[in-house]
Every structure is written in structure tokens, then in C-alpha cells.
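**Q** Sharing query.txt (compact mmCIF, C-alpha atoms) below.
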# COMPACT_ATOMS: atom_id res chain seq x y z
CA MET A 1392 74.50 77.57 84.00
CA GLU A 1393 75.14 80.94 85.61
CA ASP A 1394 78.64 82.31 85.36
CA LEU A 1395 80.66 81.80 88.51
CA ILE A 1396 81.75 84.93 90.38
CA LEU A 1397 85.50 85.27 90.14
CA SER A 1398 87.37 85.24 93.45
CA SER A 1399 90.71 86.68 94.53
CA LEU A 1400 93.81 84.52 94.16
CA PRO A 1401 94.87 82.27 97.06
CA GLY A 1402 96.92 84.18 99.59
CA THR A 1403 95.47 87.55 98.59
CA ARG A 1404 92.47 89.45 99.89
CA ASP A 1405 90.64 92.76 99.71
CA LEU A 1406 90.94 95.38 102.41
CA LEU A 1407 87.35 96.50 102.92
CA PRO A 1408 86.14 99.94 104.08
CA GLU A 1409 85.11 98.70 107.53
CA GLU A 1410 88.69 97.58 108.33
CA ILE A 1411 90.72 100.20 106.48
CA ALA A 1412 90.74 102.64 109.42
CA ARG A 1413 93.32 100.48 111.21
CA TRP A 1414 95.60 100.58 108.18
CA GLN A 1415 95.22 104.33 107.74
CA MET A 1416 95.98 104.93 111.40
CA ALA A 1417 99.16 102.83 111.32
CA GLU A 1418 100.33 104.49 108.10
CA GLU A 1419 99.61 108.02 109.30
CA LEU A 1420 101.31 107.52 112.67
CA ALA A 1421 104.30 106.00 110.87
CA ARG A 1422 104.57 109.10 108.68
CA ARG A 1423 104.45 111.39 111.71
CA ILE A 1424 107.10 109.47 113.65
CA PHE A 1425 109.43 109.03 110.65
CA ASP A 1426 109.17 112.77 110.03
CA ARG A 1427 110.33 113.47 113.59
CA TYR A 1428 113.50 111.50 112.90
CA GLY A 1429 114.18 113.24 109.57
CA PHE A 1430 113.06 110.46 107.20
CA ALA A 1431 111.46 111.24 103.83
CA GLU A 1432 109.12 108.96 101.90
CA ILE A 1433 110.23 107.10 98.77
CA ARG A 1434 108.01 105.06 96.45
CA THR A 1435 109.82 102.54 94.30
CA SER A 1436 108.52 100.41 91.46
CA ILE A 1437 106.57 97.27 92.33
CA ILE A 1438 108.21 95.41 89.43
CA GLU A 1439 111.98 95.21 89.18
CA PRO A 1440 114.61 93.32 87.16
CA THR A 1441 114.90 89.84 88.65
CA GLU A 1442 118.66 90.29 88.88
CA LEU A 1443 118.18 93.02 91.50
CA PHE A 1444 116.91 90.43 93.97
CA SER A 1445 119.01 87.44 92.89
CA ARG A 1446 122.13 89.57 93.40
CA GLY A 1447 120.95 91.62 96.36
CA ILE A 1448 119.07 89.05 98.43
CA GLY A 1449 121.13 86.05 97.35
CA SER A 1450 120.34 83.28 94.89
CA ASP A 1451 120.54 80.62 97.63
CA THR A 1452 117.82 82.17 99.82
CA ASP A 1453 114.33 80.72 100.03
CA ILE A 1454 112.91 84.01 98.74
CA VAL A 1455 114.81 83.89 95.46
CA GLY A 1456 114.80 80.12 95.15
CA LYS A 1457 111.16 79.39 95.89
CA GLU A 1458 109.01 82.43 96.68
CA MET A 1459 109.42 85.15 94.05
CA TYR A 1460 106.76 85.96 91.44
CA THR A 1461 108.92 86.11 88.32
CA PHE A 1462 107.91 86.27 84.66
CA ILE A 1463 109.27 87.20 81.24
CA ASP A 1464 107.88 90.46 79.91
CA GLN A 1465 107.26 91.51 76.29
CA SER A 1466 110.90 92.59 75.99
CA LYS A 1467 112.05 89.04 76.88
CA ARG A 1468 113.42 90.35 80.17
CA SER A 1469 113.01 88.54 83.47
CA VAL A 1470 111.10 90.78 85.89
CA THR A 1471 109.88 90.17 89.43
CA LEU A 1472 107.20 91.53 91.72
CA ARG A 1473 109.24 92.90 94.61
CA PRO A 1474 109.47 90.43 97.52
CA GLU A 1475 110.99 93.11 99.77
CA ALA A 1476 111.87 96.78 99.47
CA THR A 1477 115.45 97.26 100.69
CA ALA A 1478 117.08 96.23 97.41
CA SER A 1479 114.70 98.53 95.52
CA VAL A 1480 115.48 101.46 97.81
CA VAL A 1481 119.23 100.97 97.40
CA ARG A 1482 118.78 100.65 93.63
CA ALA A 1483 116.86 103.96 93.58
CA TYR A 1484 119.47 105.57 95.86
CA LEU A 1485 122.28 104.62 93.45
CA GLN A 1486 120.39 105.23 90.22
CA ASN A 1487 119.39 108.74 91.29
CA THR A 1488 122.79 109.55 92.86
CA MET A 1489 121.17 110.38 96.16
CA GLN A 1490 124.56 110.01 97.85
CA ARG A 1491 125.71 113.34 96.41
CA GLY A 1492 126.55 115.81 99.15
CA GLY A 1493 127.44 113.15 101.68
CA GLY A 1494 125.80 112.67 105.03
CA ILE A 1495 123.02 110.26 105.87
CA THR A 1496 120.09 109.73 103.53
CA ARG A 1497 117.01 108.73 105.53
CA LEU A 1498 114.16 107.15 103.58
CA TYR A 1499 110.96 105.31 104.45
CA TYR A 1500 108.41 103.39 102.40
CA MET A 1501 105.10 101.60 102.70
CA GLY A 1502 103.34 99.35 100.25
CA PRO A 1503 102.71 95.81 98.96
CA MET A 1504 105.30 93.04 98.58
CA PHE A 1505 104.84 89.64 96.97
CA ARG A 1506 106.04 86.16 97.96
CA HIS A 1507 104.63 82.79 96.95
CA GLU A 1508 104.81 81.14 100.36
CA LYS A 1509 102.60 78.99 102.52
CA LYS A 1510 99.70 81.01 103.86
CA GLN A 1511 99.72 81.42 107.64
CA LYS A 1512 98.00 83.67 110.14
CA GLY A 1513 99.00 87.24 109.37
CA ARG A 1514 101.04 86.15 106.33
CA TRP A 1515 99.82 86.63 102.78
CA ARG A 1516 101.25 86.25 99.28
CA GLN A 1517 100.50 89.91 98.72
CA PHE A 1518 101.47 91.50 102.01
CA TYR A 1519 102.21 95.01 103.17
CA GLN A 1520 105.24 96.50 104.85
CA ILE A 1521 106.26 99.78 106.42
CA GLY A 1522 110.00 100.22 106.53
CA ALA A 1523 112.87 102.66 106.79
CA GLU A 1524 116.45 102.80 105.53
CA ALA A 1525 119.35 105.00 106.64
CA LEU A 1526 122.21 105.10 104.12
CA GLY A 1527 125.62 106.69 104.53
CA SER A 1528 126.85 105.96 108.05
CA ASP A 1529 128.23 102.97 109.95
CA HIS A 1530 128.04 104.73 113.33
CA PRO A 1531 126.49 102.41 115.95
CA ALA A 1532 124.32 105.28 117.23
CA VAL A 1533 122.47 105.16 113.89
CA ASP A 1534 121.59 101.52 114.61
CA ALA A 1535 120.25 102.43 118.04
CA GLU A 1536 118.27 105.36 116.68
CA MET A 1537 116.66 103.20 113.99
CA ILE A 1538 115.58 100.68 116.63
CA GLU A 1539 114.30 103.50 118.84
CA MET A 1540 112.19 104.82 115.95
CA ALA A 1541 110.66 101.42 115.23
CA LEU A 1542 109.78 100.92 118.89
CA SER A 1543 108.32 104.44 119.09
CA LEU A 1544 105.94 103.59 116.27
CA LEU A 1545 104.72 100.45 118.00
CA GLN A 1546 104.40 102.27 121.31
CA SER A 1547 102.29 105.01 119.70
CA LEU A 1548 99.95 102.29 118.45
CA GLY A 1549 99.62 100.71 121.87
CA VAL A 1550 101.38 97.50 120.81
CA GLU A 1551 103.36 95.61 123.44
CA SER A 1552 106.65 94.27 122.08
CA ARG A 1553 110.14 92.97 122.92
CA LEU A 1554 113.44 93.79 121.23
CA LEU A 1555 115.86 90.99 120.31
CA ILE A 1556 119.34 91.89 119.02
CA ASN A 1557 122.49 90.20 117.79
CA SER A 1558 125.47 90.75 115.53
CA VAL A 1559 125.95 88.51 112.48
CA GLY A 1560 129.54 89.58 111.82
CA CYS A 1561 131.05 90.90 108.63
CA LYS A 1562 132.79 89.68 105.49
CA ASN A 1563 135.95 89.10 107.51
CA CYS A 1564 134.69 87.08 110.47
CA ARG A 1565 131.56 85.46 109.06
CA PRO A 1566 133.14 83.19 106.39
CA PRO A 1567 135.32 81.27 108.90
CA TYR A 1568 132.33 81.05 111.23
CA ILE A 1569 130.18 79.63 108.41
CA GLU A 1570 132.81 76.94 107.88
CA ARG A 1571 132.65 76.02 111.56
CA LEU A 1572 128.86 75.98 111.40
CA ARG A 1573 128.80 73.74 108.33
CA THR A 1574 131.23 71.33 109.96
CA ALA A 1575 128.93 71.09 112.97
CA LEU A 1576 125.89 70.63 110.72
CA ASN A 1577 127.58 67.90 108.72
CA ALA A 1578 128.23 65.99 111.93
CA CYS A 1579 124.48 65.81 112.64
CA HIS A 1580 123.21 65.93 109.06
CA SER A 1581 121.07 62.78 109.29
CA ASP A 1582 119.15 64.16 112.29
CA LEU A 1583 118.12 67.42 110.60
CA CYS A 1584 114.77 68.09 108.95
CA GLU A 1585 114.76 68.28 105.15
CA ASP A 1586 114.75 72.08 105.07
CA CYS A 1587 117.73 72.24 107.42
CA LYS A 1588 119.62 69.69 105.34
CA ARG A 1589 119.18 71.94 102.32
CA ARG A 1590 119.97 75.14 104.22
CA ALA A 1591 123.10 73.59 105.72
CA VAL A 1592 124.55 73.63 102.21
CA THR A 1593 122.93 76.67 100.59
CA ASN A 1594 122.39 79.19 103.40
CA SER A 1595 123.68 77.82 106.69
CA LEU A 1596 122.59 80.71 108.90
CA ARG A 1597 118.95 80.01 108.03
CA VAL A 1598 119.16 76.80 110.06
CA PHE A 1599 118.66 79.00 113.11
CA ASP A 1600 115.22 80.01 111.76
CA CYS A 1601 113.97 76.42 111.89
CA LYS A 1602 110.86 75.87 114.03
CA VAL A 1603 110.80 72.05 113.76
CA GLU A 1604 110.79 70.64 117.29
CA ASN A 1605 113.25 67.81 116.62
CA CYS A 1606 115.84 70.29 115.32
CA GLN A 1607 115.82 72.53 118.40
CA PRO A 1608 118.23 70.49 120.61
CA ILE A 1609 120.66 70.38 117.68
CA ILE A 1610 120.39 74.10 117.05
CA GLN A 1611 121.01 74.89 120.73
CA ASN A 1612 124.38 73.14 120.50
CA LEU A 1613 125.58 74.78 117.29
CA PRO A 1614 128.36 77.40 117.46
CA THR A 1615 127.02 80.95 117.44
CA VAL A 1616 128.17 83.83 115.32
CA THR A 1617 128.31 86.06 118.42
CA ASP A 1618 131.13 83.95 119.83
CA ASN A 1619 133.09 84.26 116.58
CA LEU A 1620 133.03 88.00 115.92
CA CYS A 1621 136.17 89.87 114.93
CA ALA A 1622 137.33 92.68 117.20
CA GLU A 1623 135.74 95.38 115.02
CA CYS A 1624 132.32 93.68 114.95
CA ALA A 1625 132.42 92.91 118.66
CA GLY A 1626 133.26 96.54 119.39
CA HIS A 1627 130.51 97.81 117.11
CA PHE A 1628 127.95 95.54 118.77
CA ALA A 1629 129.04 96.63 122.25
CA ARG A 1630 128.56 100.29 121.27
CA VAL A 1631 125.10 99.61 119.80
CA LYS A 1632 124.07 98.06 123.11
CA ALA A 1633 125.57 100.97 125.03
CA TYR A 1634 123.53 103.49 123.00
CA LEU A 1635 120.39 101.44 123.60
CA ASP A 1636 121.20 101.47 127.31
CA ASP A 1637 121.63 105.25 127.21
CA ALA A 1638 118.19 105.56 125.59
CA GLY A 1639 116.61 103.37 128.25
CA ILE A 1640 115.64 100.73 125.68
CA ALA A 1641 115.33 97.19 127.05
CA TYR A 1642 116.64 94.40 124.84
CA GLU A 1643 117.54 90.74 124.88
CA ALA A 1644 120.81 89.69 123.24
CA VAL A 1645 120.04 86.48 121.33
CA PRO A 1646 123.19 84.77 119.98
CA ARG A 1647 121.19 82.62 117.54
CA LEU A 1648 119.22 85.49 116.02
CA VAL A 1649 120.10 85.79 112.33
CA ARG A 1650 118.66 87.46 109.25
CA GLY A 1651 117.83 85.30 106.26
CA LEU A 1652 119.06 87.65 103.56
CA ASP A 1653 122.65 87.65 102.33
CA TYR A 1654 123.18 91.38 102.54
CA TYR A 1655 122.97 91.68 106.35
CA VAL A 1656 126.14 92.33 108.38
CA ARG A 1657 126.77 93.22 112.01
CA THR A 1658 123.60 94.46 113.76
CA ALA A 1659 120.54 92.26 113.38
CA PHE A 1660 117.32 92.76 115.33
CA GLU A 1661 113.76 91.61 115.62
CA ILE A 1662 110.79 93.10 117.41
CA VAL A 1663 108.35 90.45 118.58
CA SER A 1664 104.95 90.39 120.25
CA GLY A 1665 103.57 87.70 122.52
CA GLU A 1666 100.10 88.44 121.17
CA LEU A 1667 100.88 86.81 117.82
CA GLY A 1668 101.54 83.22 118.91
CA ALA A 1669 104.24 81.16 117.19
CA GLN A 1670 104.63 83.59 114.28
CA ASN A 1671 105.51 86.40 116.68
CA ALA A 1672 107.80 88.67 114.66
CA LEU A 1673 106.39 92.14 114.01
CA ALA A 1674 109.49 93.78 112.57
CA GLY A 1675 113.02 92.85 111.63
CA GLY A 1676 116.05 94.57 110.30
CA GLY A 1677 119.72 95.25 110.59
CA ARG A 1678 122.82 96.56 108.89
CA TYR A 1679 123.66 95.84 105.24
CA ASP A 1680 126.91 97.69 104.55
CA GLY A 1681 127.79 95.62 101.46
CA LEU A 1682 124.54 95.73 99.49
CA SER A 1683 125.43 98.80 97.44
CA GLU A 1684 128.63 97.15 96.20
CA VAL A 1685 126.75 93.97 95.29
CA LEU A 1686 124.44 96.08 93.12
CA GLY A 1687 127.35 97.74 91.32
CA GLY A 1688 127.68 100.90 93.39
CA PRO A 1689 130.30 102.24 95.80
CA ARG A 1690 130.51 101.06 99.39
CA VAL A 1691 127.63 102.63 101.29
CA PRO A 1692 127.14 101.66 104.93
CA ALA A 1693 123.43 101.33 105.65
CA LEU A 1694 120.79 99.75 107.81
CA GLY A 1695 117.03 99.49 107.91
CA PHE A 1696 114.00 97.60 109.12
CA ALA A 1697 110.67 96.41 107.78
CA LEU A 1698 107.49 96.06 109.78
CA GLY A 1699 104.73 93.66 108.74
CA LEU A 1700 101.62 95.81 108.44
CA ASP A 1701 99.28 92.83 108.07
CA ARG A 1702 100.30 91.46 111.46
CA LEU A 1703 100.42 94.87 113.08
CA VAL A 1704 96.81 95.77 112.28
CA MET A 1705 95.68 92.47 113.84
CA LEU A 1706 96.91 93.80 117.19
CA LEU A 1707 95.41 97.28 117.10
CA PRO A 1708 92.57 97.75 119.60
CA GLU A 1709 89.23 98.74 118.09
CA GLU A 1710 88.85 101.75 120.38
CA LEU A 1711 92.19 103.15 119.20
CA SER A 1712 91.30 102.97 115.51
CA ALA A 1713 87.65 104.04 115.90
CA LYS A 1714 88.51 107.74 115.73
CA TRP A 1715 90.22 107.18 112.37
CA LYS A 1716 87.07 105.86 110.72
CA CYS A 1717 85.57 108.22 108.18
CA LYS A 1718 82.28 109.43 109.67
CA PRO A 1719 80.22 112.19 108.06
CA GLU A 1720 79.85 115.39 110.04
CA LEU A 1721 76.39 115.88 108.60
CA PHE A 1722 73.71 113.63 107.14
CA LEU A 1723 71.08 115.47 105.12
CA ALA A 1724 67.65 113.85 105.51
CA HIS A 1725 65.22 115.07 102.84
CA LEU A 1726 61.47 114.67 102.37
CA GLY A 1727 60.23 115.27 98.82
CA GLU A 1728 61.81 116.24 95.50
CA ALA A 1729 62.25 119.92 96.32
CA ALA A 1730 63.94 119.01 99.60
CA PHE A 1731 66.20 116.54 97.78
CA LYS A 1732 67.40 119.28 95.38
CA LYS A 1733 68.01 121.60 98.33
CA ALA A 1734 69.95 118.86 100.12
CA LEU A 1735 72.21 118.49 97.08
CA GLU A 1736 72.76 122.26 97.03
CA ILE A 1737 73.57 122.40 100.75
CA ALA A 1738 75.91 119.42 100.48
CA ARG A 1739 77.85 121.05 97.63
CA HIS A 1740 78.16 124.28 99.62
CA LEU A 1741 79.36 122.56 102.80
CA ARG A 1742 81.82 120.27 101.01
CA LYS A 1743 83.45 123.33 99.48
CA GLN A 1744 83.81 124.63 103.03
CA GLY A 1745 85.67 121.43 103.94
CA HIS A 1746 82.88 119.49 105.67
CA SER A 1747 81.98 115.84 105.07
CA CYS A 1748 78.34 115.35 104.12
CA HIS A 1749 76.23 112.34 103.19
CA LEU A 1750 72.70 111.92 101.89
CA ASP A 1751 70.47 109.10 100.72
CA PHE A 1752 69.61 109.13 97.03
CA SER A 1753 66.53 106.99 97.48
CA ALA A 1754 63.14 108.43 98.43
CA GLY A 1755 63.22 106.84 101.87
CA THR A 1756 61.17 107.78 104.91
CA LEU A 1757 62.61 110.00 107.59
CA LYS A 1758 62.84 106.96 109.86
CA SER A 1759 64.85 104.93 107.29
CA GLN A 1760 67.17 107.89 106.67
CA MET A 1761 67.78 108.29 110.40
CA ARG A 1762 68.69 104.59 110.59
CA LEU A 1763 71.18 105.08 107.76
CA ALA A 1764 72.68 108.14 109.50
CA ASN A 1765 73.22 106.07 112.65
CA LYS A 1766 74.73 103.21 110.65
CA LEU A 1767 77.22 105.58 109.02
CA GLY A 1768 78.13 107.08 112.39
CA ALA A 1769 77.06 110.57 111.34
CA LYS A 1770 77.51 113.23 114.00
CA HIS A 1771 74.52 115.35 112.97
CA VAL A 1772 71.39 115.09 110.88
CA LEU A 1773 69.90 118.06 109.03
CA ILE A 1774 66.21 117.58 108.32
CA ILE A 1775 64.87 119.21 105.16
CA GLY A 1776 61.13 119.16 104.39
CA ASP A 1777 58.50 121.50 102.92
CA ASP A 1778 58.14 123.44 106.19
CA GLU A 1779 61.89 123.97 106.46
CA LEU A 1780 62.08 125.14 102.86
CA ALA A 1781 59.30 127.66 103.47
CA ARG A 1782 60.92 129.02 106.67
CA GLY A 1783 64.50 129.05 105.42
CA THR A 1784 65.60 127.42 108.68
CA TYR A 1785 66.26 123.74 109.24
CA SER A 1786 66.12 121.27 112.09
CA ILE A 1787 69.53 119.90 113.03
CA LYS A 1788 69.91 116.97 115.43
CA ARG A 1789 73.12 116.07 117.26
CA LEU A 1790 73.11 112.30 117.49
CA GLU A 1791 75.42 111.88 120.47
CA ASP A 1792 72.91 113.45 122.84
CA SER A 1793 69.74 113.77 120.65
CA ARG A 1794 69.68 117.55 121.08
CA GLN A 1795 67.72 119.24 118.25
CA TRP A 1796 67.41 122.93 117.29
CA GLU A 1797 66.78 125.28 114.37
CA ILE A 1798 69.64 126.56 112.21
CA THR A 1799 70.18 128.53 108.98
CA ILE A 1800 72.49 127.56 106.14
CA PRO A 1801 75.15 130.23 106.95
CA GLN A 1802 75.12 129.06 110.57
CA ILE A 1803 75.69 125.39 109.72
CA SER A 1804 79.27 125.81 108.47
CA ASP A 1805 80.24 127.99 111.46
CA TYR A 1806 78.76 125.45 113.85
CA LEU A 1807 80.53 122.50 112.25
CA LYS A 1808 83.83 124.41 112.29
CA SER A 1809 83.38 125.06 116.01
CA ARG A 1810 82.97 121.32 116.58
CA ALA A 1811 86.08 120.33 114.61
Could you render the structure as C-alpha cells?

**A**
Amino acid sequence: MEDLILSSLPGTRDLLPEEIARWQMAEELARRIFDRYGFAEIRTSIIEPTELFSRGIGSDTDIVGKEMYTFIDQSKRSVTLRPEATASVVRAYLQNTMQRGGGITRLYYMGPMFRHEKKQKGRWRQFYQIGAEALGSDHPAVDAEMIEMALSLLQSLGVESRLLINSVGCKNCRPPYIERLRTALNACHSDLCEDCKRRAVTNSLRVFDCKVENCQPIIQNLPTVTDNLCAECAGHFARVKAYLDDAGIAYEAVPRLVRGLDYYVRTAFEIVSGELGAQNALAGGGRYDGLSEVLGGPRVPALGFALGLDRLVMLLPEELSAKWKCKPELFLAHLGEAAFKKALEIARHLRKQGHSCHLDFSAGTLKSQMRLANKLGAKHVLIIGDDELARGTYSIKRLEDSRQWEITIPQISDYLKSRA
């Protein structure tokens, strides 16, 4: 029996060359926009101590309780593939004393995260996020600016979206609200779905994330955190909205919008797209002023957001990403062994000049090589045969309009530079 070809694990997949242009475009535009707002890239470890997430995210969350990829390493230490990046960024911020000198530290990241959850459209067990964190200020204008930056990225990619915002209170006003919420949930406990029954005890705010139809009338009648904010949180939220108004940013205040992670306080927001169906969230974030203290550091006010790259690339129009695809400037078509050696020499010369070149290593006909050049999307074809070698000039063909003319090697680089 022949050996079976091994396949990727469930919930994972390969990003193939024909689709990678969309990813590269989103990543490059994110870098450009983050740079405009003064953010610098950080790359944290993919594996972290499990305690970082059990303390930072919260042991009662679904992520820690059911979704993390955790194992014991050779040192008998529990380690976890990161399920999200905020805790890792704050850990790196504290460990490397990035708070020295005061002011705001603006960081962004992009890369894979890992959660063992039910596979859905646009959701994978190895998934990718682009995100940003601003640490060191609790000014509401920072919240508005972070939201503005996230929306600017989506706008630059031609993605239509809506902004939803709320405030989830703070350590002073949220505990009494949670008690009110649990009392209301206990009164209708038997009518809740099984997940909501569990969340009502372990992480009550997550009840608002439920999508089960039978739970919706119950959820609509639950007390909201927005109606139970302390004066400080209410004032902060009002100022965030005022700064969004000043920036001309449309938003919808959603009293039942919450974040599922324990470290969020005050501002919470989601950016959604109607093009994604039921799972419509593209990005989410908010303020997490207490996370640094939970991880053993000083109080550091902070906020951030994460954008799901897997879902985002599903929305990008083909025509927008086409220009990001890697297409050779020049395809070298060769006829005969001497021409093949010359093609290699020319390709080396032009690559050193910064030009992308491609050639076929098989002894194909001119017709088959022209087909390959078209398949690759090459802009030009240089034809090298015995006659061209004898003359020292070569036939070059521009594929967009089929124009063909003679050219010398020194002229090729100058011509390609003029077309850049």
C-alpha cells in the first residue's frame, strides 16, 4: 500500500502563492498607516508561559478554559501557543521597561494566534491578527485616535464597515453591576441555553455574546452596564464620543456590547462588516487599564485593538490586490544551449540592477515559453536565439500591447527603470 500523503491539521491551512498578494497588501498598508500615527512594530514570542494568559485574560473565559493550546515542555513548565497578543505585548513592555521616560508607547504587531475552537467561515485554529496597543495614557482622545486609525486602515483597503462602541465600566462600578446582572440571570436561569447558564456563573458579561435565538428576548431585557456606570466612566465615555464627533466618525452606541476578556475596562468597540454574514466582526478592542497590574507591573493605562486578517482578506476586491502580485518585469525566452547560458548571464546582471527576471529551465519551444510568460504575468519577454547572439542585440516584446523592437543589454536596464 502506498504511503498516504500527510495533510494539515483540522482548522489550519496553507496560504498559497496565488492568494498571498491580498495578505501582503493588507500588511503593507497597515504598516504605512500605523507609521503615520507614530506606532512601531513589535514581535513577541509565539509561545508564552500559560500563567500569562490565565492571569491576563482570566481563568473563567472560554479562551483559557476551553480553547488554548497548552502543553508541558521539557522543563516541566506549562507553556501555551498565544491565543491573542495583548497580554504578550504588555509582558514585553514591562519586561523590557519600555515605560521609562514616560509618555505614550505606541506598538503594533501582526502574526499568527492559536485557539482550539469550532471552525467557522473566516475562523481558523491558527489565525492571523493585525493589532495595535497604546500604553501610558487614559486620555479619551487616545481612544478616539485608536479607533480612527483602525477605520483608516479598513478605508484604505476599500472595506465598508460600521463602528459600534460602549463602555464596560471600571473596577468600581462594574462589580455591583455584575451582581445585578447575575441576579437577573438567576431569575431566568432555566430558560437560558447551556453556554449562557455556564457564563452566568463564570463570566456573566459573555452572556451578551450569545447568538442563540431563544436567548435573545432574555438578553434584551437584562440590565446594561451603560446604565450603571460611575460618574468617572460616564464622563470618560462622553468625551470619547465627543472626540469621535469632532473627527467626523460615525458610530452606534450599543449598550449590550461587551468584550469577553477580563482585562477590558471603560471603552469597548467593534468594527463590523455586513459583507461577512452572521460572523460580522472585523476588529475589536478597547481599554485595559488594569492589565499591567494583573501581570505584576505598575498601573499602566492602555488600550488597543486586534483585526482579524483572515476575515479581512476575504473582503478585498481582486482588482485592488492585483497590483501587489509579484510579476516579473522580464521573461527571458531562450532557444538553444548557448542562448540558455546567455539568458542566465543577463538575468544575473539585471537582478543585481534590481529587476525581477524569470526564465524557463526546460528546453521548451518559443511558443511554450511565451505561454509561461503570459501565465506568470510577465511585462516583457526578451528573446534570445543564435541570431540575437551573433548580432549582440535582442528582440524584446511588451506583452500589454504586443509591441516588439530590438535592444542591447545596456539598454535593457535603462528601459526597465524608465517603466518602474

**Q** Please return, as a list in words, all polymer residues that have at least one atom within 12 Å of the point (71.2, 110.4, 121.0); use all atoms listed in the file and the file's own coordinate frame.

**A**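 Selection result: Met1761, Ala1764, Asn1765, Gly1768, Ala1769, Lys1770, His1771, Val1772, Lys1788, Arg1789, Leu1790, Glu1791, Asp1792, Ser1793, Arg1794 and Gln1795 of chain A.
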
**Q** Extract, using only C-alpha atoms, all DNA, RNA and protein residues at most 7 Å from region 1623-1639 of chain A, discarding same-chain residues fewer than 2 positions from it, and format them as a VMD selection string.

**A** chain A and resid 1531 to 1532 1534 to 1535 1558 1560 1620 to 1621 1641 1657 to 1658

**Q** Which protein, DNA or RNA residues are at most 9 Å from (106.1, 91.4, 86.9) in the file's coordinates when you count all atoms listed in the file, listed as a ChimeraX atom specification?

**A** /A:1437-1440,1460-1464,1469-1473

**Q** Looking at A:Ile1396, A:Arg1497, A:Glu1409, A:Met1459, which one is nearest to Ala1431 (chain A), with distances taken over all atoms listed in the file?

**A** A:Arg1497

**Q** How far is it from CA of Glu1570 (chain A) to CA of Thr1593 (chain A), in Å with one decimal?

**A**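 According to the coordinates, CA of Glu1570 (chain A) and CA of Thr1593 (chain A) are separated by 12.3 Å.
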
**Q** Would you compute the distance between CA of Asn1605 (chain A) and CA of Val1663 (chain A)? Give it in Å to one decimal.

**A**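 Going from CA of Asn1605 (chain A) over to CA of Val1663 (chain A), I get 23.2 Å.
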
**Q** Report as a PyMOL selection string all protein, DNA and RNA residues lying within 12 Å of Glu1418 (chain A), evaluated on only C-alpha atoms, omitting residues in the same chain fewer than 6 positions from it.

**A** chain A and resi 1411-1412+1424-1425+1432+1499-1502+1519-1522+1544-1545+1547-1548+1698-1701+1703-1704+1712+1715

**Q** Filtering to C-alpha atoms, could you give me those residues as a compact mmCIF listing (two decimals), keeping the file's coordinate frame?

**A**
# COMPACT_ATOMS: atom_id res chain seq x y z
CA ILE A 1411 90.72 100.20 106.48
CA ALA A 1412 90.74 102.64 109.42
CA ILE A 1424 107.10 109.47 113.65
CA PHE A 1425 109.43 109.03 110.65
CA GLU A 1432 109.12 108.96 101.90
CA TYR A 1499 110.96 105.31 104.45
CA TYR A 1500 108.41 103.39 102.40
CA MET A 1501 105.10 101.60 102.70
CA GLY A 1502 103.34 99.35 100.25
CA TYR A 1519 102.21 95.01 103.17
CA GLN A 1520 105.24 96.50 104.85
CA ILE A 1521 106.26 99.78 106.42
CA GLY A 1522 110.00 100.22 106.53
CA LEU A 1544 105.94 103.59 116.27
CA LEU A 1545 104.72 100.45 118.00
CA SER A 1547 102.29 105.01 119.70
CA LEU A 1548 99.95 102.29 118.45
CA LEU A 1698 107.49 96.06 109.78
CA GLY A 1699 104.73 93.66 108.74
CA LEU A 1700 101.62 95.81 108.44
CA ASP A 1701 99.28 92.83 108.07
CA LEU A 1703 100.42 94.87 113.08
CA VAL A 1704 96.81 95.77 112.28
CA SER A 1712 91.30 102.97 115.51
CA TRP A 1715 90.22 107.18 112.37

**Q** Which is closest to Ser1664 (chain A) among A:Glu1551, A:Glu1643, A:Glu1684, A:Glu1508, if we use all atoms listed in the file?

**A** A:Glu1551

**Q** One decimal, Å: what's the distance from CA of Leu1526 (chain A) over to CA of Ala1417 (chain A), could you say?

**A**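 Interatomic distance, CA of Leu1526 (chain A) to CA of Ala1417 (chain A): 24.3 Å.
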
**Q** If we count all atoms listed in the file, what is near Leu1596 (chain A) at a cut-off of 12 Å, once residues fewer than 2 positions away on the same chain are taken out, given as number ranges by chain?

**A** A: 1451-1452, 1559-1560, 1565-1566, 1568-1573, 1576, 1587-1594, 1598-1601, 1610, 1613-1616, 1646-1653, 1655

**Q** Identify, on the basis of all atoms listed in the file, every residue whose closest approach to region 1726-1728 of chain A does not exceed 9 Å; exclude the query and any residue fewer than 2 positions from it along the same chain; express the result as a short mmCIF file (atom, residue, chain, number, x, y, z; two decimals) with C-alpha atoms, in the coordinates of the input.

**A**
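Output saved as part36.cif:
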data_model
loop_
_atom_site.label_atom_id
_atom_site.label_comp_id
_atom_site.auth_asym_id
_atom_site.auth_seq_id
_atom_site.Cartn_x
_atom_site.Cartn_y
_atom_site.Cartn_z
CA ALA A 1724 67.65 113.85 105.51
CA ALA A 1730 63.94 119.01 99.60
CA PHE A 1731 66.20 116.54 97.78
CA LYS A 1732 67.40 119.28 95.38
CA LYS A 1733 68.01 121.60 98.33
CA ALA A 1754 63.14 108.43 98.43
CA GLY A 1755 63.22 106.84 101.87
CA THR A 1756 61.17 107.78 104.91
CA LEU A 1757 62.61 110.00 107.59
CA ILE A 1774 66.21 117.58 108.32
CA ILE A 1775 64.87 119.21 105.16
CA GLY A 1776 61.13 119.16 104.39
CA ASP A 1777 58.50 121.50 102.92
#

**Q** Kindly indicate which residue among A:Arg1413, A:Lys1602, A:His1507, A:Arg1678 lies nearest to Glu1524 (chain A), using all atoms listed in the file for the distances.

**A** A:Arg1678

**Q** Find the residues near Leu1498 (chain A): any atom within 12 Å, counting only C-alpha atoms, skip ones fewer than 5 places away on the same chain, and give them as a ChimeraX atom specification.

**A** /A:1422,1425-1426,1428-1435,1476-1477,1479-1481,1483-1484,1489,1521-1527,1537,1693-1696

**Q** Name the closest residue to Leu1763 (chain A) among the candidates A:Ala1659, A:Leu1750, A:Ile1787, A:Ile1640; distances are taken between atoms, counting all atoms listed in the file.

**A**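 The shortest atom-to-atom distance to Leu1763 (chain A) comes from A:Leu1750.
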